[in-house]
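Structure file structure-v7.txt (compact mmCIF, C-alpha atoms and all ligand atoms) follows.
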# COMPACT_ATOMS: atom_id res chain seq x y z
CA MET R 1 89.47 87.26 98.10
CA LEU R 2 87.95 87.52 101.53
CA SER R 3 87.69 84.13 103.21
CA ARG R 4 86.78 85.20 106.73
CA LEU R 5 85.53 88.36 108.44
CA GLN R 6 85.16 89.11 112.13
CA LEU R 7 83.59 92.29 113.46
CA GLY R 8 83.32 93.70 116.95
CA ASP R 9 81.11 96.71 117.74
CA PHE R 10 80.78 97.71 114.08
CA ARG R 11 77.42 99.52 113.40
CA ASN R 12 74.75 97.20 114.89
CA TYR R 13 77.09 94.17 115.08
CA ARG R 14 78.27 93.45 118.61
CA GLN R 15 80.14 90.39 117.29
CA LEU R 16 80.28 88.68 113.94
CA ASP R 17 82.33 85.81 112.54
CA ILE R 18 81.62 84.79 108.96
CA ALA R 19 83.38 82.36 106.60
CA LEU R 20 82.63 83.40 103.04
CA SER R 21 82.23 81.49 99.80
CA PRO R 22 84.79 82.39 97.12
CA SER R 23 81.91 82.77 94.66
CA LEU R 24 78.42 83.92 95.67
CA ASN R 25 77.27 84.96 99.15
CA VAL R 26 73.66 85.99 99.69
CA ILE R 27 72.83 88.07 102.77
CA LEU R 28 69.14 88.00 103.64
CA GLY R 29 67.38 90.06 106.29
CA ASP R 30 64.65 92.61 106.98
CA ASN R 31 65.11 96.35 106.66
CA GLY R 32 67.49 97.66 109.30
CA SER R 33 68.84 94.19 110.20
CA GLY R 34 72.48 94.87 109.22
CA LYS R 35 72.91 93.76 105.57
CA THR R 36 74.40 97.01 104.28
CA SER R 37 76.59 97.32 107.38
CA LEU R 38 78.21 93.98 106.58
CA LEU R 39 79.05 95.12 103.04
CA GLU R 40 80.21 98.45 104.44
CA ALA R 41 82.69 96.69 106.77
CA ILE R 42 84.23 94.82 103.83
CA TYR R 43 84.37 98.00 101.76
CA PHE R 44 86.06 99.79 104.67
CA ILE R 45 88.84 97.19 104.76
CA GLY R 46 89.38 97.08 100.99
CA SER R 47 89.17 100.80 100.31
CA GLY R 48 91.66 102.06 102.87
CA GLY R 49 89.02 103.12 105.39
CA ARG R 50 86.17 104.62 103.36
CA SER R 51 82.44 103.99 103.39
CA PHE R 52 80.22 103.91 100.30
CA ARG R 53 77.22 105.34 102.06
CA GLY R 54 78.40 108.81 103.02
CA GLY R 55 77.70 110.22 106.45
CA ARG R 56 80.21 110.43 109.23
CA LEU R 57 82.70 107.58 109.61
CA SER R 58 82.59 108.02 113.40
CA ARG R 59 79.13 106.37 113.19
CA LEU R 60 80.75 103.08 112.18
CA VAL R 61 81.46 102.44 115.86
CA ARG R 62 78.50 100.80 117.59
CA ASP R 63 76.62 103.27 119.80
CA GLY R 64 78.13 103.34 123.28
CA ALA R 65 81.20 101.25 122.37
CA PRO R 66 84.72 102.76 122.53
CA ALA R 67 85.93 101.29 119.20
CA ALA R 68 84.99 99.02 116.32
CA THR R 69 87.32 96.14 115.41
CA LEU R 70 87.57 94.48 112.02
CA TYR R 71 89.60 91.36 111.25
CA ALA R 72 89.89 89.89 107.77
CA GLU R 73 91.54 86.82 106.32
CA VAL R 74 92.32 87.47 102.70
CA SER R 75 93.48 84.61 100.52
CA ALA R 76 95.76 85.31 97.59
CA GLY R 77 96.68 82.04 95.86
CA GLU R 78 98.19 79.77 98.53
CA LYS R 79 98.83 82.60 100.95
CA ILE R 80 96.47 83.91 103.63
CA HIS R 81 96.94 87.49 104.81
CA ARG R 82 95.60 88.47 108.21
CA LEU R 83 94.54 92.06 108.64
CA GLY R 84 93.20 93.66 111.81
CA VAL R 85 91.96 97.24 112.16
CA ARG R 86 90.56 99.17 115.10
CA ARG R 87 88.56 102.33 114.59
CA THR R 88 87.51 104.67 117.37
CA PRO R 89 85.03 107.50 116.70
CA GLY R 90 88.12 109.72 116.23
CA GLY R 91 89.82 107.57 113.57
CA ILE R 92 91.81 104.41 112.94
CA ASP R 93 94.15 103.87 115.88
CA ALA R 94 95.60 100.40 115.19
CA ILE R 95 96.38 98.31 112.10
CA LYS R 96 98.13 94.95 111.92
CA LEU R 97 98.94 93.03 108.77
CA ASN R 98 100.48 89.58 109.28
CA GLY R 99 101.91 90.76 112.58
CA GLU R 100 103.48 93.94 111.12
CA THR R 101 102.22 97.50 111.65
CA PRO R 102 101.61 99.38 108.37
CA ARG R 103 101.57 103.19 108.59
CA ALA R 104 98.10 103.55 107.09
CA LEU R 105 95.25 101.35 105.89
CA SER R 106 95.69 102.89 102.43
CA GLU R 107 99.12 101.19 102.32
CA VAL R 108 97.43 97.80 102.26
CA ALA R 109 94.68 98.80 99.81
CA GLY R 110 96.10 96.47 97.13
CA LEU R 111 95.36 93.44 99.28
CA LEU R 112 91.61 93.23 98.80
CA PRO R 113 90.23 94.91 95.65
CA VAL R 114 86.60 95.75 96.45
CA LEU R 115 83.97 97.23 94.17
CA ALA R 116 80.46 98.13 95.26
CA LEU R 117 77.13 98.49 93.46
CA HIS R 118 74.77 100.41 95.69
CA PRO R 119 72.04 103.05 95.53
CA THR R 120 74.50 105.95 95.18
CA SER R 121 76.57 104.32 92.39
CA VAL R 122 74.48 106.39 89.97
CA GLU R 123 76.56 109.40 91.04
CA LEU R 124 79.26 108.02 88.76
CA VAL R 125 77.11 109.41 85.94
CA PHE R 126 75.47 112.41 87.62
CA GLY R 127 77.99 113.38 90.32
CA ALA R 128 81.18 115.43 90.52
CA SER R 129 84.28 114.68 88.41
CA ALA R 130 86.27 113.67 91.51
CA LEU R 131 84.16 110.49 91.75
CA ARG R 132 84.96 109.48 88.18
CA ARG R 133 88.65 110.28 88.66
CA ARG R 134 88.73 108.14 91.79
CA PHE R 135 86.92 105.37 89.89
CA MET R 136 89.46 105.24 87.05
CA ASP R 137 92.44 105.68 89.34
CA TRP R 138 91.15 102.77 91.48
CA GLY R 139 91.33 100.52 88.42
CA MET R 140 94.75 101.78 87.39
CA PHE R 141 96.08 101.35 90.91
CA HIS R 142 95.17 97.66 90.74
CA VAL R 143 96.21 96.85 87.17
CA GLU R 144 98.96 99.28 86.15
CA HIS R 145 102.10 98.99 88.31
CA GLU R 146 103.55 102.21 86.84
CA PHE R 147 100.57 104.28 87.99
CA MET R 148 101.19 104.66 91.74
CA PRO R 149 104.80 105.97 91.59
CA VAL R 150 103.91 108.53 88.88
CA TRP R 151 100.79 109.55 90.76
CA ARG R 152 102.81 110.09 93.96
CA THR R 153 105.34 112.30 92.15
CA ALA R 154 102.54 114.24 90.46
CA SER R 155 100.71 114.75 93.72
CA ALA R 156 103.89 116.01 95.46
CA ALA R 157 104.56 118.42 92.55
CA LEU R 158 100.98 119.71 92.72
CA LYS R 159 101.25 120.30 96.46
CA GLN R 160 104.55 122.19 96.10
CA ARG R 161 103.26 124.28 93.19
CA ASN R 162 100.06 125.20 95.04
CA ALA R 163 102.04 126.13 98.17
CA LEU R 164 104.21 128.45 96.05
CA LEU R 165 101.17 129.98 94.33
CA ARG R 166 99.59 130.69 97.69
CA THR R 167 102.55 132.92 98.63
CA GLY R 168 101.23 135.37 96.00
CA ARG R 169 104.80 136.14 94.77
CA PRO R 170 106.33 132.84 93.72
CA ASN R 171 109.96 132.66 92.69
CA PRO R 172 109.74 132.19 88.88
CA ARG R 173 112.59 129.65 88.73
CA GLU R 174 111.10 127.55 91.48
CA LEU R 175 107.67 127.76 89.90
CA GLY R 176 109.21 126.77 86.53
CA PHE R 177 110.66 123.64 88.13
CA TRP R 178 107.31 122.54 89.59
CA ASP R 179 105.54 123.42 86.32
CA GLN R 180 107.84 121.02 84.54
CA GLN R 181 107.34 118.26 87.12
CA LEU R 182 103.57 118.65 87.08
CA ALA R 183 103.41 118.80 83.28
CA GLN R 184 105.57 115.69 82.78
CA THR R 185 103.76 113.56 85.33
CA SER R 186 100.34 114.77 84.15
CA ASP R 187 101.24 113.78 80.57
CA ARG R 188 102.25 110.32 81.77
CA ILE R 189 99.14 109.83 83.93
CA GLU R 190 96.87 110.92 81.09
CA GLY R 191 98.61 108.46 78.75
CA LEU R 192 97.95 105.65 81.22
CA ARG R 193 94.37 106.79 81.78
CA ARG R 194 93.70 106.88 78.02
CA SER R 195 94.86 103.29 77.55
CA TYR R 196 92.91 102.26 80.62
CA LEU R 197 89.69 103.84 79.35
CA GLN R 198 90.13 102.10 76.00
CA ALA R 199 90.30 98.75 77.77
CA LEU R 200 87.38 99.76 79.99
CA GLN R 201 85.33 100.59 76.88
CA SER R 202 85.64 96.99 75.64
CA GLY R 203 84.57 95.72 79.07
CA LEU R 204 81.66 98.16 79.11
CA ASP R 205 80.46 97.08 75.66
CA ALA R 206 80.50 93.46 76.80
CA VAL R 207 78.62 94.15 80.08
CA LEU R 208 76.00 96.38 78.47
CA SER R 209 75.35 93.85 75.72
CA HIS R 210 74.11 91.53 78.54
CA LEU R 211 72.63 94.10 80.85
CA ALA R 212 71.03 96.72 78.65
CA PRO R 213 71.75 96.23 74.92
CA GLU R 214 69.54 99.25 74.19
CA LEU R 215 72.18 101.57 75.71
CA LYS R 216 75.10 102.72 73.58
CA ILE R 217 77.76 104.35 75.74
CA ARG R 218 81.22 105.73 74.96
CA VAL R 219 83.79 106.82 77.52
CA HIS R 220 86.64 109.27 76.80
CA LEU R 221 89.19 111.12 78.83
CA GLN R 222 88.36 114.81 79.18
CA THR R 223 91.41 116.88 80.13
CA GLY R 224 90.32 120.52 79.99
CA LEU R 225 93.29 121.28 77.70
CA GLN R 226 92.70 123.41 74.63
CA LYS R 227 93.11 121.89 71.16
CA ASP R 228 96.71 120.70 70.56
CA GLU R 229 97.79 122.19 73.89
CA SER R 230 100.27 120.35 76.15
CA TYR R 231 100.22 120.51 79.95
CA ALA R 232 103.38 122.64 79.83
CA ASP R 233 101.55 125.15 77.55
CA ALA R 234 98.44 125.14 79.71
CA LEU R 235 100.39 125.76 82.92
CA ALA R 236 102.22 128.67 81.25
CA ARG R 237 98.96 130.11 79.88
CA LEU R 238 97.19 129.86 83.23
CA ARG R 239 100.13 130.96 85.36
CA PRO R 240 99.03 134.59 86.08
CA ASP R 241 95.53 133.42 86.93
CA ASP R 242 96.86 130.53 89.05
CA ILE R 243 98.94 133.04 91.04
CA ARG R 244 95.86 135.21 91.59
CA ARG R 245 93.75 132.24 92.67
CA GLY R 246 96.43 130.36 94.60
CA PHE R 247 95.97 126.96 92.96
CA SER R 248 96.79 125.04 89.76
CA GLN R 249 94.01 124.95 87.19
CA ALA R 250 95.64 122.48 84.80
CA GLY R 251 96.98 119.02 85.51
CA TYR R 252 96.12 115.37 86.05
CA HIS R 253 93.94 116.41 89.01
CA ARG R 254 91.40 118.18 86.77
CA SER R 255 90.61 115.39 84.29
CA ASP R 256 87.29 113.67 84.01
CA ILE R 257 85.69 110.76 82.18
CA ARG R 258 83.27 112.03 79.57
CA ILE R 259 80.40 109.53 79.39
CA GLU R 260 78.48 109.88 76.13
CA THR R 261 75.41 108.31 74.65
CA ARG R 262 74.89 108.81 70.93
CA GLY R 263 77.14 111.88 70.96
CA VAL R 264 75.45 113.59 73.93
CA VAL R 265 76.75 113.79 77.52
CA ALA R 266 75.00 110.90 79.26
CA ARG R 267 73.89 112.88 82.32
CA ASP R 268 71.88 115.25 80.09
CA ARG R 269 70.11 112.44 78.27
CA LEU R 270 69.65 109.30 80.40
CA SER R 271 66.81 108.56 82.79
CA ARG R 272 67.79 107.78 86.36
CA GLY R 273 67.16 104.06 85.79
CA GLN R 274 69.28 104.06 82.63
CA ALA R 275 72.02 105.99 84.41
CA LYS R 276 72.04 103.35 87.15
CA LEU R 277 72.56 100.65 84.54
CA VAL R 278 75.41 102.62 83.00
CA ALA R 279 77.02 103.17 86.42
CA TYR R 280 76.73 99.45 87.22
CA GLY R 281 78.09 98.66 83.75
CA LEU R 282 81.13 100.88 84.37
CA VAL R 283 81.85 99.23 87.71
CA LEU R 284 81.48 95.73 86.28
CA ALA R 285 83.65 96.65 83.28
CA GLN R 286 86.57 96.87 85.70
CA LEU R 287 86.30 93.16 86.54
CA PRO R 288 87.87 91.67 83.37
CA LEU R 289 90.75 94.16 83.70
CA ILE R 290 91.35 92.99 87.27
CA SER R 291 91.17 89.34 86.08
CA GLN R 292 93.79 90.04 83.41
CA VAL R 293 96.39 90.80 86.08
CA GLY R 294 95.48 87.62 87.96
CA LYS R 295 93.61 89.33 90.81
CA VAL R 296 90.18 88.50 92.19
CA CYS R 297 87.78 91.22 93.20
CA THR R 298 85.23 91.19 96.01
CA LEU R 299 82.05 92.68 94.60
CA LEU R 300 79.48 94.10 97.02
CA VAL R 301 75.96 94.39 95.64
CA ASP R 302 73.44 96.19 97.83
CA ASP R 303 69.71 96.28 97.38
CA LEU R 304 69.52 95.33 93.71
CA ALA R 305 65.79 94.63 93.86
CA ALA R 306 65.06 98.20 94.93
CA GLU R 307 67.32 99.60 92.23
CA LEU R 308 66.38 97.80 89.03
CA ASP R 309 63.20 96.55 87.39
CA GLU R 310 62.69 92.78 87.30
CA GLU R 311 64.00 92.24 83.79
CA HIS R 312 67.23 94.21 84.30
CA ARG R 313 67.70 92.72 87.75
CA ASN R 314 67.54 89.19 86.34
CA GLN R 315 69.95 90.08 83.55
CA MET R 316 72.28 91.58 86.12
CA LEU R 317 72.15 88.55 88.42
CA GLY R 318 72.88 86.24 85.50
CA TYR R 319 75.87 88.39 84.66
CA LEU R 320 77.08 88.49 88.27
CA ALA R 321 76.99 84.69 88.42
CA SER R 322 79.37 84.55 85.46
CA THR R 323 82.13 86.97 86.50
CA GLY R 324 84.32 84.51 88.42
CA HIS R 325 84.84 87.13 91.15
CA GLN R 326 83.71 86.85 94.76
CA THR R 327 80.28 88.41 95.19
CA LEU R 328 78.17 89.39 98.19
CA ILE R 329 74.62 90.34 97.48
CA THR R 330 71.87 91.53 99.84
CA ALA R 331 68.19 90.63 99.49
CA LEU R 332 65.12 90.93 101.67
CA ASP R 333 63.80 87.42 102.12
CA GLN R 334 64.50 83.83 101.22
CA PRO R 335 61.31 83.02 99.23
CA GLN R 336 61.90 86.14 97.11
CA TRP R 337 65.52 85.16 96.54
CA GLU R 338 64.63 81.55 95.73
CA ALA R 339 62.07 82.71 93.18
CA VAL R 340 64.81 84.75 91.52
CA VAL R 341 67.15 81.75 91.53
CA GLN R 342 64.44 79.55 89.99
CA GLN R 343 64.22 81.90 87.03
CA ASN R 344 67.95 82.09 86.58
CA LYS R 345 69.93 79.14 85.28
CA ALA R 346 73.33 80.77 85.83
CA LEU R 347 72.49 81.42 89.50
CA ARG R 348 71.35 77.82 90.00
CA ALA R 349 74.64 76.55 88.62
CA ILE R 350 76.94 78.56 90.89
CA GLU R 351 78.08 77.38 94.31
CA SER R 352 76.78 79.80 96.93
CA LYS R 353 76.36 80.43 100.64
CA MET R 354 73.34 82.04 102.22
CA PHE R 355 73.16 83.94 105.49
CA HIS R 356 70.34 85.49 107.46
CA VAL R 357 70.81 88.63 109.57
CA GLU R 358 68.50 89.77 112.32
CA HIS R 359 69.30 92.68 114.67
CA GLY R 360 73.04 92.38 113.94
CA GLN R 361 73.08 88.59 114.48
CA LEU R 362 74.11 86.53 111.50
CA ARG R 363 73.54 82.83 110.95
CA PRO R 364 74.29 80.63 107.96
CA LEU R 365 71.30 79.13 106.14
CA THR R 366 71.37 75.91 104.22
CA GLY R 367 69.06 74.53 101.54
CA SER R 368 65.43 75.38 102.10
CA GLU R 369 65.69 76.22 105.81
N1 LIG F 1 76.72 103.22 115.16
C1 LIG F 1 75.65 102.42 115.25
N2 LIG F 1 75.38 101.75 116.40
C2 LIG F 1 74.31 100.93 116.50
N3 LIG F 1 73.44 100.73 115.49
C3 LIG F 1 73.66 101.36 114.34
C4 LIG F 1 74.77 102.23 114.14
N4 LIG F 1 74.74 102.72 112.88
C5 LIG F 1 73.64 102.18 112.31
N5 LIG F 1 73.00 101.36 113.17
C6 LIG F 1 71.77 100.56 112.96
O1 LIG F 1 72.17 99.38 112.29
C7 LIG F 1 71.05 98.81 111.65
C8 LIG F 1 71.48 98.16 110.38
O2 LIG F 1 71.55 99.09 109.31
P1 LIG F 1 71.80 98.58 107.82
O3 LIG F 1 71.83 99.80 106.99
O4 LIG F 1 72.97 97.68 107.80
O5 LIG F 1 70.48 97.75 107.55
P2 LIG F 1 70.01 96.94 106.25
O6 LIG F 1 69.78 95.54 106.70
O7 LIG F 1 70.93 97.16 105.12
O8 LIG F 1 68.61 97.65 105.98
P3 LIG F 1 67.82 98.04 104.63
O9 LIG F 1 67.25 96.76 104.09
O10 LIG F 1 66.75 98.92 105.19
O11 LIG F 1 68.78 98.74 103.74
C9 LIG F 1 70.00 99.92 111.54
O12 LIG F 1 68.95 99.61 112.40
C10 LIG F 1 70.76 101.16 112.03
O13 LIG F 1 69.93 102.04 112.72
Transcribe the structure of this file into structure tokens.
Amino acid sequence: MLSRLQLGDFRNYRQLDIALSPSLNVILGDNGSGKTSLLEAIYFIGSGGRSFRGGRLSRLVRDGAPAATLYAEVSAGEKIHRLGVRRTPGGIDAIKLNGETPRALSEVAGLLPVLALHPTSVELVFGASALRRRFMDWGMFHVEHEFMPVWRTASAALKQRNALLRTGRPNPRELGFWDQQLAQTSDRIEGLRRSYLQALQSGLDAVLSHLAPELKIRVHLQTGLQKDESYADALARLRPDDIRRGFSQAGYHRSDIRIETRGVVARDRLSRGQAKLVAYGLVLAQLPLISQVGKVCTLLVDDLAAELDEEHRNQMLGYLASTGHQTLITALDQPQWEAVVQQNKALRAIESKMFHVEHGQLRPLTGSE
């Protein structure tokens, strides 16, 4: 988990140095003060250099500054890892982990598992399949040690096959070889994804029973294969069309999670508010799976009050207090937050730290300051 974070010239933070609680951290501040930017910095470190709010990553660097710097101390059991990253508007130009220089930030993505609940999380239900694939592969990356090597082989096979297809006249023997590689690795990845989704389903049932018992949701792997078809069959069937189009239409890279409610695809049935609850439920369902492999997640929760009605928000906060994972949550003001805490026994019981941000300046708050 993240024990300390320092920022330099990141968004509206000229300088920041924050020591975090291993359980709950509440970030208070007016609109535009820098709450989301703080969560975004943590997400950037844990996700291999991504942002959860879209837009151009070059904007992460404070206006007028040459580069943003991020430094994190991540504790894992007794050990503390020290990670420093510098990002210019053009890209990441320096990374240091415990004095060594990794090739890419994605290489150290296992260090700090981060999950975020934010206004665009709902896209997990309504958005493109790539988001759901990334979501399930994130979980498998952290809990299934076999996943990453198979995924790398599959991704290399896909690249080679697509390059051959793009020539327009691929050598059949060469294509046959890559077909076999892609089919085998896709079968293995889908097997892992199926087991993962089964485990995720149990987590989802448990979360939704707290959060929104009225919602009944099932998740399945959707492969795009025809009935009883293998990947080898599908690649053979689609081969002439793949050659015409110049890319592979079957494989692990085309799968999706089918999210259903009472037998209907969820995106065609749920209201936006319900879909938000389902998206949050899916994200939170990953937590027990991460716990099972002895890891702790850092959960970033942005703007919950704006996203959920009071009843669901309180249920959600009660649930968040019980996960055992490190949580950062943003809220507008202290009286509002304290009123929420008053209503919520689980929140009162958990050890927490509170911070106030104003114009990119953060200070710790204590008690009823
Ligand atoms: N590259 C940048 N350089 C300087 N300031 C920036 C940069 N990018 C964003 N900002 C500013 O940083 C401020 C903080 O934005 P942030 O989204 O973190 O606020 P917030 O506290 O989450 O607000 P809200 O409650 O409205 O969501 C905003 O005023 C924004 O205009």
* **Top pick for closest residue to R:Gln198, considering R:Leu111, R:Val85, R:Ala128, R:Ile257 and counting all atoms listed in the file** => R:Ile257
* To do: Might you pull out every residue within 12 Å of R:Thr167, with all atoms listed in the file counted and same-chain residues fewer than 4 positions away left off, and present them as number ranges by chain?
  => R: 160-163, 171, 175, 242-247
* For ligand LIG 1 (chain F), collect every residue having any atom at a distance of at most 10 Å from a ligand atom (counting only C-alpha atoms and all ligand atoms); output as a PyMOL selection string. => chain R and resi 9-14+27-41+53+56-65+68+89+119+302-303+306+330-332+357-360
Quick one: write out the picked residues with C-alpha atoms as an mmCIF file, in the frame of the given file?
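For reference, selection-v9.cif as written:
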data_model
loop_
_atom_site.group_PDB
_atom_site.id
_atom_site.type_symbol
_atom_site.label_atom_id
_atom_site.label_comp_id
_atom_site.auth_asym_id
_atom_site.auth_seq_id
_atom_site.Cartn_x
_atom_site.Cartn_y
_atom_site.Cartn_z
ATOM 1 C CA ASP R 9 81.110 96.710 117.740
ATOM 2 C CA PHE R 10 80.780 97.710 114.080
ATOM 3 C CA ARG R 11 77.420 99.520 113.400
ATOM 4 C CA ASN R 12 74.750 97.200 114.890
ATOM 5 C CA TYR R 13 77.090 94.170 115.080
ATOM 6 C CA ARG R 14 78.270 93.450 118.610
ATOM 7 C CA ILE R 27 72.830 88.070 102.770
ATOM 8 C CA LEU R 28 69.140 88.000 103.640
ATOM 9 C CA GLY R 29 67.380 90.060 106.290
ATOM 10 C CA ASP R 30 64.650 92.610 106.980
ATOM 11 C CA ASN R 31 65.110 96.350 106.660
ATOM 12 C CA GLY R 32 67.490 97.660 109.300
ATOM 13 C CA SER R 33 68.840 94.190 110.200
ATOM 14 C CA GLY R 34 72.480 94.870 109.220
ATOM 15 C CA LYS R 35 72.910 93.760 105.570
ATOM 16 C CA THR R 36 74.400 97.010 104.280
ATOM 17 C CA SER R 37 76.590 97.320 107.380
ATOM 18 C CA LEU R 38 78.210 93.980 106.580
ATOM 19 C CA LEU R 39 79.050 95.120 103.040
ATOM 20 C CA GLU R 40 80.210 98.450 104.440
ATOM 21 C CA ALA R 41 82.690 96.690 106.770
ATOM 22 C CA ARG R 53 77.220 105.340 102.060
ATOM 23 C CA ARG R 56 80.210 110.430 109.230
ATOM 24 C CA LEU R 57 82.700 107.580 109.610
ATOM 25 C CA SER R 58 82.590 108.020 113.400
ATOM 26 C CA ARG R 59 79.130 106.370 113.190
ATOM 27 C CA LEU R 60 80.750 103.080 112.180
ATOM 28 C CA VAL R 61 81.460 102.440 115.860
ATOM 29 C CA ARG R 62 78.500 100.800 117.590
ATOM 30 C CA ASP R 63 76.620 103.270 119.800
ATOM 31 C CA GLY R 64 78.130 103.340 123.280
ATOM 32 C CA ALA R 65 81.200 101.250 122.370
ATOM 33 C CA ALA R 68 84.990 99.020 116.320
ATOM 34 C CA PRO R 89 85.030 107.500 116.700
ATOM 35 C CA PRO R 119 72.040 103.050 95.530
ATOM 36 C CA ASP R 302 73.440 96.190 97.830
ATOM 37 C CA ASP R 303 69.710 96.280 97.380
ATOM 38 C CA ALA R 306 65.060 98.200 94.930
ATOM 39 C CA THR R 330 71.870 91.530 99.840
ATOM 40 C CA ALA R 331 68.190 90.630 99.490
ATOM 41 C CA LEU R 332 65.120 90.930 101.670
ATOM 42 C CA VAL R 357 70.810 88.630 109.570
ATOM 43 C CA GLU R 358 68.500 89.770 112.320
ATOM 44 C CA HIS R 359 69.300 92.680 114.670
ATOM 45 C CA GLY R 360 73.040 92.380 113.940
#
R:Pro22 surroundings by only C-alpha atoms, 9 Å radius, close-in-sequence under 3 positions cut, as a PDB file with C-alpha atoms, in the coordinates of the input:
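Saved the output as around-v6.pdb:
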ATOM      1  CA  MET R   1      89.470  87.260  98.100  1.00  0.00           C
ATOM      2  CA  LEU R   2      87.950  87.520 101.530  1.00  0.00           C
ATOM      3  CA  SER R   3      87.690  84.130 103.210  1.00  0.00           C
ATOM      4  CA  ASN R  25      77.270  84.960  99.150  1.00  0.00           C
ATOM      5  CA  THR R 298      85.230  91.190  96.010  1.00  0.00           C
ATOM      6  CA  GLY R 324      84.320  84.510  88.420  1.00  0.00           C
ATOM      7  CA  HIS R 325      84.840  87.130  91.150  1.00  0.00           C
ATOM      8  CA  GLN R 326      83.710  86.850  94.760  1.00  0.00           C
ATOM      9  CA  THR R 327      80.280  88.410  95.190  1.00  0.00           C
ATOM     10  CA  GLU R 351      78.080  77.380  94.310  1.00  0.00           C
ATOM     11  CA  SER R 352      76.780  79.800  96.930  1.00  0.00           C
TER      12      SER R 352
END
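Straight-line separation from atom CA of R:Ala67 to atom CA of R:Gly49: 14.3 Å.
You will find atom CA of R:Leu70 at 24.4 Å from atom CA of R:Arg134.
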* Leaving out R:Gly77 and any residue of its chain fewer than 6 positions from it, which residues lie within 10 Å of it when counting only C-alpha atoms, given as a ChimeraX atom specification? -> /R:1,294-296
Set up a box along x, y and z of the file covering all listed atoms of stretch 179-195 of chain R, add 5 Å on every one of the six sides, and write the centre and edge lengths in Å to one decimal, as AutoDock Vina command-line options.
--center_x 100.8 --center_y 113.4 --center_z 82.3 --size_x 24.1 --size_y 30.1 --size_z 19.6
